[in-house]
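Visitor: Have a peek at start_7.cif (mmCIF, C-alpha atoms).
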```
data_my_file
loop_
_atom_site.label_atom_id
_atom_site.label_comp_id
_atom_site.auth_asym_id
_atom_site.auth_seq_id
_atom_site.Cartn_x
_atom_site.Cartn_y
_atom_site.Cartn_z
CA MET Q 29 0.00 0.00 0.00
CA ASN Q 30 1.23 3.48 -0.77
CA VAL Q 31 0.19 6.39 1.51
CA PHE Q 32 1.89 9.80 1.06
CA ALA Q 33 4.74 8.11 -0.83
CA LEU Q 34 5.42 5.86 2.18
CA GLU Q 35 5.58 2.16 1.48
CA PHE Q 36 3.39 0.46 4.09
CA PRO Q 37 3.87 -3.32 3.97
CA GLU Q 38 0.95 -5.68 3.43
CA ILE Q 39 -0.65 -6.84 6.66
CA SER Q 40 0.37 -10.43 5.94
CA HIS Q 41 3.98 -9.26 5.83
CA ILE Q 42 3.66 -7.85 9.38
CA LEU Q 43 1.75 -10.71 10.98
CA VAL Q 44 2.34 -13.97 9.10
CA TRP Q 45 5.72 -15.51 9.81
CA PRO Q 46 7.36 -18.24 7.74
CA ASP Q 47 7.57 -21.69 9.32
CA ILE Q 48 10.77 -22.53 11.19
CA LEU Q 49 9.76 -26.18 11.47
CA PRO Q 50 6.69 -27.70 9.75
CA SER Q 51 3.65 -25.79 11.14
CA PHE Q 52 5.82 -24.17 13.83
CA ASN Q 53 6.62 -20.48 13.33
CA LYS Q 54 7.86 -17.55 15.40
CA VAL Q 55 4.51 -17.06 17.15
CA ALA Q 56 4.45 -20.68 18.30
CA LEU Q 57 8.07 -20.31 19.43
CA ILE Q 58 7.10 -17.26 21.56
CA GLY Q 59 4.24 -19.27 23.06
CA VAL Q 60 6.58 -22.12 24.03
CA ALA Q 61 9.10 -19.62 25.41
CA ALA Q 62 6.36 -17.95 27.50
CA VAL Q 63 5.39 -21.33 29.03
CA LEU Q 64 9.04 -22.16 29.76
CA ALA Q 65 9.69 -18.71 31.31
CA THR Q 66 6.66 -19.08 33.61
CA VAL Q 67 7.65 -22.61 34.68
CA ILE Q 68 11.31 -21.67 35.23
CA ILE Q 69 10.49 -18.57 37.33
CA PHE Q 70 8.30 -20.52 39.75
CA PHE Q 71 10.59 -23.57 39.72
CA ILE Q 72 13.58 -21.45 40.78
CA ALA Q 73 11.47 -19.52 43.29
CA GLY Q 74 10.15 -22.74 44.81
CA ARG Q 75 13.64 -24.21 45.28
CA ARG Q 76 14.94 -21.32 47.40
CA ASP Q 77 15.24 -21.83 51.15
CA PRO Q 78 11.96 -20.42 52.59
CA LEU Q 79 13.68 -19.41 55.84
CA LYS Q 80 16.00 -16.87 54.18
CA PRO Q 81 14.62 -13.42 53.28
CA PRO Q 82 13.29 -13.50 49.69
CA LYS Q 83 15.29 -11.80 46.96
CA GLY Q 84 15.48 -11.78 43.16
CA VAL Q 85 13.21 -14.28 41.44
CA ARG Q 86 11.62 -15.43 44.68
CA ASN Q 87 10.72 -11.85 45.52
CA LEU Q 88 8.98 -11.47 42.17
CA ALA Q 89 7.14 -14.77 42.61
CA GLU Q 90 6.03 -13.96 46.16
CA SER Q 91 4.81 -10.47 45.35
CA SER Q 92 2.90 -11.75 42.30
CA VAL Q 93 1.22 -14.48 44.38
CA ASP Q 94 0.30 -11.83 46.94
CA PHE Q 95 -1.02 -9.54 44.17
CA ILE Q 96 -3.15 -12.31 42.62
CA GLU Q 97 -4.50 -13.39 46.02
CA SER Q 98 -5.34 -10.00 47.51
CA ASP Q 99 -6.20 -7.97 44.40
CA ILE Q 100 -7.88 -10.57 42.21
CA VAL Q 101 -9.11 -13.64 44.12
CA MET Q 102 -10.24 -11.93 47.33
CA GLN Q 103 -12.03 -9.15 45.43
CA THR Q 104 -13.92 -11.38 43.02
CA ILE Q 105 -14.34 -14.96 44.30
CA GLY Q 106 -13.70 -14.55 48.04
CA ARG Q 107 -11.81 -16.63 50.60
CA ASP Q 108 -13.01 -20.01 49.30
CA GLY Q 109 -11.56 -19.17 45.87
CA LEU Q 110 -7.93 -19.12 47.05
CA GLY Q 111 -7.50 -22.59 45.52
CA TRP Q 112 -7.78 -20.93 42.11
CA THR Q 113 -4.59 -18.89 42.67
CA PRO Q 114 -2.23 -21.29 40.79
CA PHE Q 115 -4.57 -21.37 37.77
CA LEU Q 116 -4.89 -17.58 37.71
CA ILE Q 117 -1.13 -17.08 38.17
CA SER Q 118 -0.41 -19.41 35.23
CA ILE Q 119 -2.86 -17.46 33.06
CA PHE Q 120 -1.44 -14.09 34.17
CA PHE Q 121 2.20 -14.93 33.49
CA PHE Q 122 1.54 -16.78 30.23
CA VAL Q 123 -0.50 -13.89 28.82
CA LEU Q 124 2.03 -11.35 30.15
CA PHE Q 125 5.00 -13.10 28.53
CA CYS Q 126 3.11 -13.56 25.27
CA ASN Q 127 2.27 -9.81 25.29
CA ILE Q 128 5.59 -8.38 26.41
CA THR Q 129 7.43 -9.78 23.35
CA GLU Q 130 5.70 -6.93 21.51
CA ILE Q 131 8.32 -4.48 22.78
CA LEU Q 132 11.21 -6.93 23.29
CA PRO Q 133 13.98 -5.81 20.89
CA THR Q 134 14.69 -8.25 18.01
CA VAL Q 135 11.48 -10.19 18.75
CA GLN Q 136 8.94 -7.34 18.34
CA MET Q 137 5.89 -9.55 17.86
CA PRO Q 138 3.18 -10.23 20.45
CA ALA Q 139 2.15 -13.88 20.24
CA THR Q 140 -1.38 -12.82 21.25
CA ALA Q 141 -1.73 -10.69 18.10
CA ARG Q 142 -2.66 -13.91 16.27
CA MET Q 143 -6.10 -15.27 17.14
CA ALA Q 144 -4.95 -18.83 18.01
CA ILE Q 145 -3.61 -18.21 21.54
CA PRO Q 146 -6.40 -15.88 22.78
CA ILE Q 147 -9.22 -18.09 21.46
CA SER Q 148 -7.66 -21.27 22.91
CA MET Q 149 -7.25 -19.62 26.31
CA ALA Q 150 -10.79 -18.24 26.18
CA LEU Q 151 -12.06 -21.77 25.45
CA VAL Q 152 -10.12 -23.13 28.46
CA VAL Q 153 -11.65 -20.40 30.66
CA TRP Q 154 -15.13 -21.15 29.21
CA ILE Q 155 -14.80 -24.85 30.06
CA VAL Q 156 -13.48 -24.07 33.54
CA TYR Q 157 -16.20 -21.63 34.62
CA ASN Q 158 -19.00 -23.74 33.20
CA THR Q 159 -17.62 -26.79 35.02
CA VAL Q 160 -17.47 -24.79 38.26
CA GLY Q 161 -21.05 -23.62 37.76
CA VAL Q 162 -22.37 -27.13 37.11
CA LYS Q 163 -20.39 -28.49 40.07
CA HIS Q 164 -21.64 -25.85 42.55
CA GLN Q 165 -25.28 -25.49 41.42
CA GLY Q 166 -26.09 -28.59 39.40
CA PHE Q 167 -26.73 -28.46 35.65
CA PHE Q 168 -30.30 -27.10 35.73
CA GLY Q 169 -29.65 -24.84 38.72
CA TYR Q 170 -26.69 -23.29 36.88
CA LEU Q 171 -28.72 -22.83 33.70
CA LYS Q 172 -31.60 -21.27 35.69
CA ASN Q 173 -29.36 -18.92 37.69
CA SER Q 174 -27.48 -17.83 34.55
CA CYS Q 175 -30.57 -17.14 32.45
CA PHE Q 176 -32.98 -15.83 35.12
CA PRO Q 177 -31.22 -13.19 37.25
CA PRO Q 178 -33.19 -12.34 40.42
CA GLY Q 179 -34.90 -8.98 40.87
CA VAL Q 180 -36.38 -8.71 37.36
CA PRO Q 181 -40.18 -8.40 36.83
CA LYS Q 182 -41.69 -11.74 35.74
CA ALA Q 183 -42.93 -10.51 32.34
CA LEU Q 184 -39.48 -9.24 31.36
CA TYR Q 185 -37.97 -12.73 31.58
CA ILE Q 186 -39.15 -13.39 28.00
CA LEU Q 187 -36.69 -10.70 26.94
CA VAL Q 188 -33.99 -11.13 29.59
CA ALA Q 189 -33.54 -14.92 29.54
CA PRO Q 190 -32.38 -15.26 25.89
CA ILE Q 191 -30.11 -12.21 26.21
CA GLU Q 192 -28.52 -13.57 29.39
CA PHE Q 193 -28.12 -17.03 27.81
CA VAL Q 194 -26.37 -15.66 24.73
CA SER Q 195 -24.17 -13.28 26.70
CA THR Q 196 -23.10 -15.89 29.28
CA PHE Q 197 -22.46 -18.89 27.07
CA ILE Q 198 -21.61 -17.46 23.63
CA VAL Q 199 -20.48 -13.82 23.83
CA ARG Q 200 -18.24 -14.17 26.93
CA PRO Q 201 -15.49 -16.37 25.46
CA PHE Q 202 -15.44 -14.38 22.22
CA SER Q 203 -15.26 -11.00 23.96
CA LEU Q 204 -12.50 -12.34 26.22
CA ALA Q 205 -10.47 -13.50 23.21
CA ILE Q 206 -11.17 -10.47 20.99
CA ARG Q 207 -10.31 -7.99 23.77
CA LEU Q 208 -6.81 -9.44 24.18
CA PHE Q 209 -6.27 -10.07 20.46
CA ALA Q 210 -7.43 -6.67 19.21
CA ASN Q 211 -5.51 -4.72 21.88
CA MET Q 212 -2.25 -6.42 21.03
CA LEU Q 213 -2.83 -6.26 17.27
CA ALA Q 214 -3.64 -2.55 17.48
CA GLY Q 215 -0.49 -1.89 19.51
CA HIS Q 216 1.64 -3.87 17.08
CA LEU Q 217 0.23 -1.97 14.08
CA LEU Q 218 0.82 1.38 15.83
CA LEU Q 219 4.46 0.51 16.53
CA VAL Q 220 4.94 -0.70 12.94
CA THR Q 221 3.38 2.50 11.56
CA PHE Q 222 5.64 4.84 13.51
CA ALA Q 223 8.74 2.72 12.92
CA ILE Q 224 8.11 2.84 9.16
CA LEU Q 225 7.44 6.58 9.29
CA THR Q 226 10.71 7.22 11.15
CA ASP Q 227 12.65 5.03 8.75
CA ALA Q 228 11.12 6.69 5.69
CA LEU Q 229 11.90 10.18 7.00
CA ILE Q 230 15.53 9.37 7.85
CA THR Q 231 16.16 7.92 4.39
CA ALA Q 232 14.25 10.73 2.58
CA ASN Q 233 16.27 12.87 0.20
CA THR Q 234 14.86 16.26 1.30
CA ALA Q 235 16.79 18.02 4.07
CA PHE Q 236 13.57 19.19 5.79
CA LEU Q 237 12.19 15.64 5.99
CA LYS Q 238 15.49 14.35 7.37
CA VAL Q 239 15.19 16.83 10.26
CA ILE Q 240 11.59 16.17 11.37
CA PHE Q 241 12.22 12.43 11.81
CA VAL Q 242 12.56 13.13 15.58
CA LEU Q 243 8.79 13.67 15.84
CA PRO Q 244 7.73 10.11 14.93
CA LEU Q 245 10.80 8.81 16.79
CA PHE Q 246 9.60 10.43 20.05
CA MET Q 247 6.13 9.06 19.34
CA LEU Q 248 7.65 5.60 18.82
CA ILE Q 249 9.50 5.76 22.16
CA PHE Q 250 6.39 7.00 23.95
CA LEU Q 251 4.25 4.27 22.37
CA THR Q 252 6.78 1.59 23.35
CA ALA Q 253 6.43 2.70 26.97
CA PHE Q 254 2.66 2.78 26.55
CA GLU Q 255 2.64 -0.76 25.16
CA ILE Q 256 4.42 -2.04 28.30
CA LEU Q 257 1.48 -0.64 30.27
CA VAL Q 258 -1.02 -2.19 27.84
CA SER Q 259 0.68 -5.61 28.01
CA VAL Q 260 0.51 -5.74 31.80
CA LEU Q 261 -2.99 -4.29 31.89
CA GLN Q 262 -4.35 -6.80 29.36
CA ALA Q 263 -2.82 -9.71 31.29
CA TYR Q 264 -4.44 -8.30 34.46
CA ILE Q 265 -7.81 -7.83 32.77
CA PHE Q 266 -7.79 -11.33 31.26
CA THR Q 267 -6.99 -12.79 34.70
CA ILE Q 268 -9.53 -10.73 36.62
CA LEU Q 269 -12.29 -11.50 34.11
CA THR Q 270 -11.49 -15.20 34.47
CA ALA Q 271 -11.78 -14.79 38.25
CA VAL Q 272 -15.06 -12.87 37.90
CA TYR Q 273 -16.56 -15.57 35.68
CA ILE Q 274 -15.45 -18.33 38.09
CA GLY Q 275 -16.79 -16.32 41.05
CA GLY Q 276 -20.11 -15.72 39.31
CA ALA Q 277 -20.46 -19.42 38.57
CA ALA Q 278 -19.58 -20.41 42.15
CA HIS Q 279 -21.78 -17.84 43.96
CA PRO Q 280 -24.87 -17.08 41.85
CA GLU Q 281 -26.48 -14.48 44.18
CA HIS Q 282 -24.01 -11.67 43.43
CA MET L 25 -19.10 14.81 -19.43
CA SER L 26 -18.35 15.69 -15.82
CA ALA L 27 -15.15 14.75 -14.00
CA ALA L 28 -17.01 12.34 -11.72
CA ASN L 29 -18.36 10.42 -14.73
CA ILE L 30 -14.93 10.04 -16.26
CA LEU L 31 -13.57 8.92 -12.90
CA ALA L 32 -16.38 6.38 -12.53
CA GLN L 33 -15.66 4.93 -15.96
CA GLN L 34 -11.99 4.58 -15.24
CA LEU L 35 -12.59 2.67 -12.01
CA ASN L 36 -13.15 -0.98 -12.76
CA ALA L 37 -15.23 -3.26 -10.53
CA SER L 38 -12.46 -4.43 -8.20
CA ASP L 39 -11.18 -0.88 -7.63
CA GLN L 40 -14.72 0.16 -6.79
CA LYS L 41 -15.00 -2.71 -4.31
CA ASN L 42 -11.69 -1.82 -2.66
CA ALA L 43 -12.69 1.84 -2.39
CA ASN L 44 -16.03 0.90 -0.81
CA ALA L 45 -14.24 -1.42 1.64
CA ALA L 46 -11.78 1.33 2.60
CA ILE L 47 -14.57 3.87 3.16
CA GLY L 48 -16.60 1.34 5.14
CA ALA L 49 -13.57 0.40 7.22
CA GLY L 50 -12.86 4.01 8.12
CA PHE L 51 -16.46 4.62 9.15
CA ALA L 52 -16.61 1.30 11.06
CA TYR L 53 -13.75 2.19 13.35
CA GLY L 54 -14.64 5.86 13.68
CA LEU L 55 -18.25 5.20 14.63
CA ALA L 56 -17.35 2.31 16.92
CA ALA L 57 -14.96 4.55 18.88
CA ILE L 58 -17.58 7.22 19.78
CA GLY L 59 -19.69 5.28 22.27
CA PRO L 60 -16.87 3.55 24.17
CA GLY L 61 -14.97 6.85 24.29
CA ILE L 62 -17.86 8.51 26.12
CA GLY L 63 -18.41 5.38 28.21
CA ILE L 64 -14.83 4.99 29.40
CA GLY L 65 -14.65 8.68 30.25
CA TYR L 66 -17.79 8.30 32.34
CA VAL L 67 -16.50 5.15 34.10
CA VAL L 68 -13.11 6.65 34.98
CA GLY L 69 -14.59 10.00 35.99
CA LYS L 70 -17.04 8.38 38.38
CA ALA L 71 -14.30 6.10 39.75
CA ILE L 72 -12.06 9.10 40.50
CA GLU L 73 -14.99 10.83 42.18
CA ALA L 74 -15.57 7.74 44.34
CA MET L 75 -11.87 7.48 45.24
CA ALA L 76 -11.75 11.15 46.19
CA ARG L 77 -14.82 10.80 48.40
CA GLN L 78 -13.68 7.56 50.02
CA PRO L 79 -9.92 7.01 49.71
CA GLU L 80 -10.09 3.89 51.91
CA ALA L 81 -12.25 2.16 49.27
CA ALA L 82 -9.77 2.96 46.46
CA GLY L 83 -8.71 -0.69 46.00
CA VAL L 84 -12.21 -2.00 45.38
CA VAL L 85 -13.08 0.98 43.18
CA ARG L 86 -9.95 0.49 41.08
CA THR L 87 -10.70 -3.20 40.47
CA THR L 88 -14.28 -2.43 39.50
CA MET L 89 -13.12 0.45 37.31
CA PHE L 90 -10.82 -1.84 35.31
CA LEU L 91 -13.67 -4.32 34.91
CA GLY L 92 -15.96 -1.56 33.66
CA ILE L 93 -13.30 -0.30 31.24
CA ALA L 94 -12.73 -3.84 29.94
CA PHE L 95 -16.42 -4.38 29.21
CA THR L 96 -16.88 -0.95 27.61
CA GLU L 97 -13.71 -1.15 25.56
CA ALA L 98 -14.78 -4.45 23.97
CA LEU L 99 -17.19 -2.56 21.67
CA ALA L 100 -14.44 -0.31 20.31
CA LEU L 101 -12.20 -3.33 19.79
CA ILE L 102 -14.90 -5.16 17.84
CA GLY L 103 -15.05 -2.05 15.66
CA PHE L 104 -11.29 -2.29 15.17
CA VAL L 105 -11.57 -5.97 14.20
CA VAL L 106 -14.29 -5.07 11.66
CA PHE L 107 -11.92 -2.40 10.30
CA ILE L 108 -9.17 -5.00 9.84
CA LEU L 109 -11.59 -7.48 8.25
CA LEU L 110 -13.03 -4.92 5.80
CA LYS L 111 -9.68 -3.43 4.88
CA PHE L 112 -7.47 -6.49 4.58
CA ALA L 113 -9.61 -9.65 4.40
#
```
Could the structure of this file be written out as structure tokens, please?
Guide:
Amino acid sequence: MNVFALEFPEISHILVWPDILPSFNKVALIGVAAVLATVIIFFIAGRRDPLKPPKGVRNLAESSVDFIESDIVMQTIGRDGLGWTPFLISIFFFVLFCNITEILPTVQMPATARMAIPISMALVVWIVYNTVGVKHQGFFGYLKNSCFPPGVPKALYILVAPIEFVSTFIVRPFSLAIRLFANMLAGHLLLVTFAILTDALITANTAFLKVIFVLPLFMLIFLTAFEILVSVLQAYIFTILTAVYIGGAAHPEH
Amino acid sequence: MSAANILAQQLNASDQKNANAAIGAGFAYGLAAIGPGIGIGYVVGKAIEAMARQPEAAGVVRTTMFLGIAFTEALALIGFVVFILLKFA
């Protein structure tokens, strides 16, 4: 595509990576690396002597466990949901490491900007919260509590029940996946746009254009910092929504 | 013959389709951003008001605020996905 004499690459050139191994490309490699990083962090942290004061990796692991327990589990599920902490921590760190590769120099590609990882994780979350709901309330009790929220006039249930059914069982996993996917894709495209603009201005043959390349460069630096915030925030939001869905399935009265 | 007529004759069918897709994509994202923009402003404004009134409840308010932002923002993001689908698919 050609906008203002800038060559913007095709979207497939930005997002589709050639296979390293058969059906295994850079995005899959980032996914595997994210799993390994999560496992290694908690493996090292777990091996440290618990009697010594925590430092380094163990400090990070302890403060993240504390963060997940006090800020996510206690606020959404309650005390009886503390058993979900390992599941939520795994989700948080996996999503965070998949996102943060967006700004990692020489990698520069968020694994969650392809639909495969977000939709698979949303399906896992969908299975988990439905299983919790069926386990705590029974199949028909769960269906009734999901579709017929209390405190609604009887006649309105004709309208409310189908809406609640669709939003709980169909829209939730898709919105969970699309929220993560679209945020990371949008960030990636923004970074690509400003990187290309900076590059085109530096290599331009007019002296004036060579000078104003600092403007998109500052924007690029600012956006890189902003994308760190977005990566952490999206991991947090994915985790807290998982916790909210599990909490809603476990305690229907809320 | 007016300039628009000449232009219309020069555009063949696939160019016309691409132009329509580009216009539709621009409108899709622009219109989808209006509502969530107002909504997120409202959510954050009310959350700040609540935190200023009751600083001891700031933790709960912040969690709920992020939840509200996440639900509101989903609409804008669906608009962005439609933009990508119209423009590139």
Visitor: Can you list every residue of chain Q that has an atom at most 7 Å from chain L, with its nearest atom pair and the distance in Å to one decimal, using only C-alpha atoms, ordered by chain then number, as CSV?
Guide:
```
residue,atom,partner,partner_atom,distance
Q:Ser203,CA,L:Ala98,CA,6.6
Q:Arg207,CA,L:Ala98,CA,5.7
Q:Ala210,CA,L:Leu101,CA,5.9
Q:Ile265,CA,L:Ala94,CA,6.9
```
Visitor: Interatomic distance between atom CA of Q:Val242 and atom CA of Q:Pro37?
Guide: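 A separation of 21.9 Å between them.
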Visitor: Determine the residue set returned by the PyMOL selection byres ((chain Q and resi 162) around 12) for the present structure, and present it as a list in words.
Guide: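 On the file shown, the PyMOL selection byres ((chain Q and resi 162) around 12) covers Ile155, Val156, Tyr157, Asn158, Thr159, Val160, Gly161, Lys163, His164, Gln165, Gly166, Phe167, Phe168, Gly169, Tyr170, Leu171, Lys172, Asn173, Ser174, Ile274, Gly276, Ala277, Ala278, His279 and Pro280 of chain Q.
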Visitor: Which protein, DNA or RNA residues have an atom at most 12 Å from (-12.8, 6.9, 33.2), counting all atoms listed in the file? List them as a count of residues only.
Guide: 26
Visitor: Tell me which protein, DNA and RNA residues are within 9 Å of Q:Lys54, counting all atoms listed in the file, leaving out same-chain ones fewer than 4 positions away, and put them as a PyMOL selection string.
Guide: chain Q and resi 45-48+58-59+135+137+139
Visitor: Carefully work through the PyMOL selection byres ((chain Q and resi 252-259) around 9) for this structure and note down the residues it includes, as a list in words.
Guide: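 Output from the PyMOL selection byres ((chain Q and resi 252-259) around 9), applied to this file: Val123, Leu124, Phe125, Cys126, Asn127, Ile128, Glu130, Ile131, Asn211, Met212, Gly215, His216, Leu219, Met247, Leu248, Ile249, Phe250, Leu251, Val260, Leu261, Gln262, Ala263 and Tyr264 of chain Q.
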Visitor: Let me see the file: selected residues, C-alpha atoms, as an mmCIF file, in the frame of the given file.
Guide:
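As written to disk, selection.cif reads:
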```cif
data_model
loop_
_atom_site.group_PDB
_atom_site.id
_atom_site.type_symbol
_atom_site.label_atom_id
_atom_site.label_comp_id
_atom_site.auth_asym_id
_atom_site.auth_seq_id
_atom_site.Cartn_x
_atom_site.Cartn_y
_atom_site.Cartn_z
ATOM 1 C CA VAL Q 123 -0.500 -13.890 28.820
ATOM 2 C CA LEU Q 124 2.030 -11.350 30.150
ATOM 3 C CA PHE Q 125 5.000 -13.100 28.530
ATOM 4 C CA CYS Q 126 3.110 -13.560 25.270
ATOM 5 C CA ASN Q 127 2.270 -9.810 25.290
ATOM 6 C CA ILE Q 128 5.590 -8.380 26.410
ATOM 7 C CA GLU Q 130 5.700 -6.930 21.510
ATOM 8 C CA ILE Q 131 8.320 -4.480 22.780
ATOM 9 C CA ASN Q 211 -5.510 -4.720 21.880
ATOM 10 C CA MET Q 212 -2.250 -6.420 21.030
ATOM 11 C CA GLY Q 215 -0.490 -1.890 19.510
ATOM 12 C CA HIS Q 216 1.640 -3.870 17.080
ATOM 13 C CA LEU Q 219 4.460 0.510 16.530
ATOM 14 C CA MET Q 247 6.130 9.060 19.340
ATOM 15 C CA LEU Q 248 7.650 5.600 18.820
ATOM 16 C CA ILE Q 249 9.500 5.760 22.160
ATOM 17 C CA PHE Q 250 6.390 7.000 23.950
ATOM 18 C CA LEU Q 251 4.250 4.270 22.370
ATOM 19 C CA VAL Q 260 0.510 -5.740 31.800
ATOM 20 C CA LEU Q 261 -2.990 -4.290 31.890
ATOM 21 C CA GLN Q 262 -4.350 -6.800 29.360
ATOM 22 C CA ALA Q 263 -2.820 -9.710 31.290
ATOM 23 C CA TYR Q 264 -4.440 -8.300 34.460
#
```
Visitor: Residue by residue, what does the PyMOL selection byres ((chain Q and resi 142-148) around 10) grab here? Present the result as number ranges by chain.
Guide: Q: 43-44, 55-56, 59, 123, 126, 137-141, 149-154, 201-210, 212-213, 266
Visitor: Just stretch 226-246 of chain Q, please, as a compact mmCIF listing (two decimals), in the first residue's frame (only N, CA and C atoms).
Guide:
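Dumped everything to out_14.txt:
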```txt
# COMPACT_ATOMS: atom_id res chain seq x y z
N THR Q 226 9.37 6.74 10.78
CA THR Q 226 10.71 7.22 11.15
C THR Q 226 11.74 6.80 10.12
N ASP Q 227 11.68 5.55 9.72
CA ASP Q 227 12.65 5.03 8.75
C ASP Q 227 12.54 5.78 7.43
N ALA Q 228 11.29 6.01 6.97
CA ALA Q 228 11.12 6.69 5.69
C ALA Q 228 11.62 8.12 5.75
N LEU Q 229 11.45 8.79 6.91
CA LEU Q 229 11.90 10.18 7.00
C LEU Q 229 13.41 10.27 7.08
N ILE Q 230 14.06 9.33 7.76
CA ILE Q 230 15.53 9.37 7.85
C ILE Q 230 16.13 9.16 6.47
N THR Q 231 15.58 8.24 5.70
CA THR Q 231 16.16 7.92 4.39
C THR Q 231 15.62 8.82 3.28
N ALA Q 232 14.78 9.84 3.62
CA ALA Q 232 14.25 10.73 2.58
C ALA Q 232 15.38 11.59 2.02
N ASN Q 233 15.18 12.10 0.79
CA ASN Q 233 16.27 12.87 0.20
C ASN Q 233 16.07 14.37 0.31
N THR Q 234 15.01 14.83 1.05
CA THR Q 234 14.86 16.26 1.30
C THR Q 234 15.44 16.57 2.68
N ALA Q 235 16.15 17.70 2.80
CA ALA Q 235 16.79 18.02 4.07
C ALA Q 235 15.75 18.25 5.16
N PHE Q 236 14.60 18.91 4.81
CA PHE Q 236 13.57 19.19 5.79
C PHE Q 236 13.01 17.89 6.38
N LEU Q 237 12.76 16.91 5.51
CA LEU Q 237 12.19 15.64 5.99
C LEU Q 237 13.19 14.90 6.87
N LYS Q 238 14.47 15.02 6.54
CA LYS Q 238 15.49 14.35 7.37
C LYS Q 238 15.48 14.90 8.79
N VAL Q 239 15.12 16.22 8.94
CA VAL Q 239 15.19 16.83 10.26
C VAL Q 239 13.98 16.42 11.12
N ILE Q 240 12.77 16.39 10.52
CA ILE Q 240 11.59 16.17 11.37
C ILE Q 240 11.40 14.70 11.72
N PHE Q 241 12.40 13.84 11.43
CA PHE Q 241 12.22 12.43 11.81
C PHE Q 241 12.15 12.26 13.32
N VAL Q 242 12.61 13.28 14.11
CA VAL Q 242 12.56 13.13 15.58
C VAL Q 242 11.12 13.05 16.08
N LEU Q 243 10.17 13.68 15.35
CA LEU Q 243 8.79 13.67 15.84
C LEU Q 243 8.22 12.25 15.91
N PRO Q 244 8.20 11.48 14.79
CA PRO Q 244 7.73 10.11 14.93
C PRO Q 244 8.62 9.25 15.82
N LEU Q 245 9.92 9.59 15.92
CA LEU Q 245 10.80 8.81 16.79
C LEU Q 245 10.38 8.96 18.25
N PHE Q 246 10.07 10.22 18.68
CA PHE Q 246 9.60 10.43 20.05
C PHE Q 246 8.29 9.69 20.27
```
